[in-house]
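Trainee: Mind looking over this structure? Questions follow.
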Amino acid sequence: MNAVLDPAGPQAAHIAELWWVTLAVCALVFVAVLAVLAWGLWRAPRGDPQMVPGARPAPGAEKHLIRWVTAATVISTILLSGLLVASVATDRELAQLPLTDALNVRVRAHQWWWEVTYDDPQPERMFATANELRIPVGRPVLVTLDSGDVIHSFWVPRLHGKKDLIPGRTATIQLRADKAGEYHGPCAEYCGLQHAFMAFEVIALPPEQFETWAEAQRKPAADPEDAAARRGRELFLSGSCMLCHAIHGTTANARTAPDLTHIASRTRLGAGRLANTPQDLAAWIADPQKFKPGVNMPAHLLPDDDLKALVAYLGMLK
Ligand SMILES: [Cu+2]
């Protein structure tokens with residue numbers, strides 16, 4: 001739950017440190033203010049029936065007051081400047097993650113899913129996935145962010161702070177996971193109806209496991225082995241699916257929706273909305289609007305057998 005305070009890499013650790021420093025300073029100020037208040041109340045003159053309205057304060061009180069106000073102003077200025085320095089220092093530390101041998105990943109946000117492209121100097125080694133960012137433990141990752149429609153925000157609390165994705169502009173974020181594990185990320189900028197269902201996972205794997213996974217992702221889609229899956233592929237390529245989705249190794253290469261080349265290797269469907277099980281997959285294809293009203297994928301009124309065939313095909317795209 002307290003993901004921000006449980007960093008899994010150096011960038012989130014810098015931010016957590018700043019948080020603790022700020023908390024300590026604010027707690028100190030809070031306690032000091034309460035102490036002075038208690039002291040003031042204790043020292044205040046008791047209600048005096050003789051006190052005449054408009055009576056003048058005791059001689060010397062004004063000087064006393066000025067001294068206190070000056071001291072408080074100086075202390076506040078010092079503390080606030082200290083926090084400013086700490087915040088600038090954190091910013092500089094965040095920019096200094098060594099990027100030797102960095103993995104280059106592009107993340108493009110869409111209403112309401114994340115397109116992820118793994119760059120490589122050799123174009124045939126590039127590959128794409130969606131809503132899931134697998135990275136090797138201990139290796140820096142340079143994430144280049146942009147948006148295909150409105151402003152979104154990329155936030156993996158256990159790895160880094162937030163970064164806005166703005167249409168027509170690119171931003172970068174450097175991160176590194178030092179522990180294997182799954183790190184959840186929400187879209188952190190309201191971006192329309194299904195903003196709350198625009199989640200992604202960063203999955204940090206030991207380097208060998210990452211390489212195995214990446215090698216499998218680079219391959220074109222598997223060929224169907226049985227009749228149902230063959231029929232599913234036919235339906236996919238003759239129906240509307242290929243107007244939006246790509247499956248490498250087939251004629252489907254549209255880019256307006258998640259790449260489905262290895263859809264069966266992903267953990268969730270619809271940016272975290274559903275589990276990647278045959279039941280949920282069938283329910284999603286039949287009526288995605290039921291799970292994400294307003295989503296940019298239409299419902300498909302398919303005969304039961306056709307739906308089963310599509311699920312059989314997509315289910316074998318490991
Ligand atoms: Cu969003």
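Ordered as shown in the structure tokens, chains take letters A, B, and onward, while each chain numbers its residues from 1 and ligands are numbered from 1 in the order shown.
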Report the residues of region 9-168 of chain A whose backbone DSSP state falls under strand (DSSP E), written as number ranges by chain.
Mentor: A: 103-110, 113-118, 127-130, 132-136, 141-147, 152-154, 163-165
Trainee: How would you report the residues lying within 7 Å of ligand 1, as JSON, numbers by chain, if you count only C-alpha atoms and all ligand atoms?
Mentor: {"A": [109, 110, 111, 112, 151, 152, 153, 187, 188, 189, 190, 191, 195, 198]}
Trainee: Can you tell me, as a ChimeraX atom specification, what residues are no more than 10 Å from region 133-144 of chain A when counting only C-alpha atoms, ignoring any on the same chain fewer than 6 positions away?
Mentor: /A:9,97-108,114-118,165,170-183,200-211,213-214
Trainee: If you keep C-alpha atoms, can you produce a file of those selected residues as a short mmCIF file (atom, residue, chain, number, x, y, z; two decimals), in the first residue's frame?
Mentor:
data_model
loop_
_atom_site.label_atom_id
_atom_site.label_comp_id
_atom_site.auth_asym_id
_atom_site.auth_seq_id
_atom_site.Cartn_x
_atom_site.Cartn_y
_atom_site.Cartn_z
CA GLY A 9 15.26 1.05 -7.02
CA LEU A 97 21.39 7.54 -12.87
CA PRO A 98 24.24 6.00 -14.90
CA LEU A 99 22.80 4.88 -18.22
CA THR A 100 25.58 2.65 -19.54
CA ASP A 101 24.09 -0.37 -21.28
CA ALA A 102 20.59 1.03 -20.76
CA LEU A 103 17.54 -0.72 -22.14
CA ASN A 104 15.60 1.66 -24.40
CA VAL A 105 11.85 1.44 -24.19
CA ARG A 106 9.21 3.73 -25.66
CA VAL A 107 5.89 4.07 -23.90
CA ARG A 108 3.02 5.76 -25.68
CA TRP A 114 -0.20 1.74 -22.81
CA GLU A 115 1.73 0.90 -25.98
CA VAL A 116 5.20 -0.37 -25.18
CA THR A 117 7.95 -0.64 -27.82
CA TYR A 118 11.39 -2.13 -27.15
CA LEU A 165 2.89 12.22 -21.28
CA THR A 170 8.52 13.48 -25.68
CA ALA A 171 9.73 13.15 -22.13
CA THR A 172 12.17 10.66 -20.68
CA ILE A 173 12.44 8.93 -17.37
CA GLN A 174 15.36 6.83 -16.12
CA LEU A 175 14.71 4.01 -13.75
CA ARG A 176 16.25 0.85 -12.41
CA ALA A 177 14.73 -1.97 -10.39
CA ASP A 178 17.14 -3.55 -7.94
CA LYS A 179 14.74 -6.26 -6.78
CA ALA A 180 12.80 -8.70 -8.91
CA GLY A 181 9.06 -8.27 -8.60
CA GLU A 182 5.91 -6.73 -10.02
CA TYR A 183 5.44 -3.02 -9.65
CA PHE A 200 0.12 -1.17 -16.18
CA GLU A 201 2.64 -3.48 -14.56
CA VAL A 202 6.39 -3.22 -14.52
CA ILE A 203 7.75 -6.73 -14.09
CA ALA A 204 11.42 -6.85 -13.11
CA LEU A 205 13.01 -10.18 -13.99
CA PRO A 206 16.49 -11.62 -13.41
CA PRO A 207 18.50 -10.74 -16.56
CA GLU A 208 18.57 -14.27 -18.05
CA GLN A 209 14.80 -14.59 -17.65
CA PHE A 210 14.35 -11.20 -19.24
CA GLU A 211 16.45 -12.23 -22.24
CA TRP A 213 11.23 -13.47 -22.58
CA ALA A 214 12.51 -10.79 -24.99
#
Trainee: Which one is closest to Ala89 (chain A): A:Leu28, A:Ala38, A:Met126, A:Leu18? Count only C-alpha atoms.
Mentor: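 Smallest distance to Ala89 (chain A) is found for A:Leu18.
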Trainee: Tell me, as a list in words, which residues lie within 7 Å of region 264-267 of chain A, counting only C-alpha atoms; anything in the same chain fewer than 4 positions away does not count.
Mentor: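 The residues that qualify are Ala275, Asn276, Leu314, Gly315, Met316, Leu317 and Lys318 of chain A.
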Trainee: For N, CA and C atoms, I'd like the residues from the last selection saved as a compact mmCIF listing (two decimals), in the first residue's frame.
Mentor:
# COMPACT_ATOMS: atom_id res chain seq x y z
N ALA A 275 -8.59 -10.50 -16.02
CA ALA A 275 -7.52 -11.49 -16.00
C ALA A 275 -7.39 -12.05 -17.42
N ASN A 276 -6.21 -12.55 -17.76
CA ASN A 276 -6.05 -13.12 -19.10
C ASN A 276 -6.40 -14.61 -19.07
N LEU A 314 -6.17 -16.73 -30.04
CA LEU A 314 -5.43 -15.76 -29.23
C LEU A 314 -4.77 -16.44 -28.03
N GLY A 315 -5.42 -17.48 -27.53
CA GLY A 315 -4.91 -18.19 -26.34
C GLY A 315 -3.61 -18.94 -26.62
N MET A 316 -3.30 -19.18 -27.89
CA MET A 316 -2.04 -19.90 -28.17
C MET A 316 -0.92 -18.94 -28.61
N LEU A 317 -1.21 -17.65 -28.60
CA LEU A 317 -0.17 -16.68 -28.99
C LEU A 317 0.70 -16.34 -27.79
N LYS A 318 1.52 -17.31 -27.40
CA LYS A 318 2.36 -17.16 -26.21
C LYS A 318 3.51 -16.18 -26.49
Trainee: Rounded to one decimal, what separation in Å do you get between CA of Trp155 (chain A) and CA of His184 (chain A)?
Mentor: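 Separation between CA of Trp155 (chain A) and CA of His184 (chain A): 8.6 Å.
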Trainee: Quick one: distance from CA of Leu80 (chain A) to CA of Ala27 (chain A) in Å, one decimal?
Mentor: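 Interatomic distance here is 13.4 Å.
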Trainee: Report as a PyMOL selection string: the residues of region 1-178 of chain A with a DSSP assignment of helix (DSSP H, G or I), based on the backbone of this structure.
Mentor: chain A and resi 3-5+10-43+61-94+123-125
Trainee: Would you list the contacts of Gly168 (chain A) as a list in words, taking every protein, DNA or RNA residue within 10 Å and counting only C-alpha atoms, but skipping same-chain residues closer than 6 positions in sequence?
Mentor: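 Result of the neighbour search: Asp146, Ser147, Gly148, Asp149 and Val150 of chain A.
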Trainee: Write to file, as a tab-separated table (two decimals), in the first residue's frame, the residues of the selection just made, with C-alpha atoms.
Mentor:
chain	number	residue	atom	x	y	z
A	146	ASP	CA	4.65	10.38	-25.32
A	147	SER	CA	0.93	10.37	-25.86
A	148	GLY	CA	-1.29	9.55	-28.80
A	149	ASP	CA	-4.26	11.62	-27.66
A	150	VAL	CA	-4.63	13.50	-24.37
Trainee: For CA of Trp68 (chain A) and CA of Cys26 (chain A), quote the distance in Å rounded to one decimal.
Mentor: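 CA of Cys26 (chain A) lies 19.7 Å from CA of Trp68 (chain A).
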Trainee: Would you pick out the contacts of Leu307 (chain A) at 9 Å or less, using only C-alpha atoms, so that residues sharing its chain but fewer than 3 positions from it are not included, and give the list as a compact mmCIF listing (two decimals) with C-alpha atoms, in the first residue's frame?
Mentor:
# COMPACT_ATOMS: atom_id res chain seq x y z
CA GLY A 232 -9.84 -18.26 -35.18
CA ALA A 282 -14.23 -14.26 -24.60
CA ILE A 285 -14.14 -9.68 -27.25
CA ALA A 286 -17.92 -10.05 -27.12
CA HIS A 300 -18.64 -8.10 -31.49
CA LEU A 301 -21.86 -10.04 -31.81
CA LEU A 302 -20.33 -13.32 -32.88
CA PRO A 303 -21.81 -16.81 -32.97
CA ASP A 304 -20.61 -18.85 -30.01
CA LEU A 310 -10.98 -16.57 -31.70
CA VAL A 311 -10.25 -17.33 -28.06
CA ALA A 312 -8.51 -20.58 -29.07
Trainee: Measuring atom to atom with only C-alpha atoms, identify which of A:Pro293, A:Asp91, A:His14, A:Asp306 is nearest to Gly239 (chain A).
Mentor: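 Of the candidates, the smallest distance to Gly239 (chain A) is held by A:Asp306.
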Trainee: My list of candidates is A:Ala252, A:Ala216, A:Ala16, A:Ala199. Which is closest to Arg268 (chain A) when distances are computed with only C-alpha atoms?
Mentor: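 Using only C-alpha atoms, the shortest distance to Arg268 (chain A) belongs to A:Ala199.
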Trainee: Counting only C-alpha atoms, which of A:Val25, A:Pro45, A:Trp113, A:Val4 gets nearest to Gly82 (chain A)?
Mentor: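 Of A:Val25, A:Pro45, A:Trp113, A:Val4, the one nearest Gly82 (chain A) is A:Val25, counting only C-alpha atoms.
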Trainee: With only C-alpha atoms as the counted atoms, please give the residues lying no more than 9 Å from Ala246 (chain A), apart from itself and same-chain residues fewer than 2 positions off, as JSON, numbers by chain.
Mentor: {"A": [241, 242, 243, 244, 248, 250, 251, 252, 253, 254, 255, 256, 257, 258, 259, 260, 261]}
Trainee: Find the residue from A:Ala44, A:Val36, A:Leu84, A:Val295 that sits nearest to Gly192 (chain A); use only C-alpha atoms when measuring.
Mentor: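 The closest residue to Gly192 (chain A) is A:Val295.
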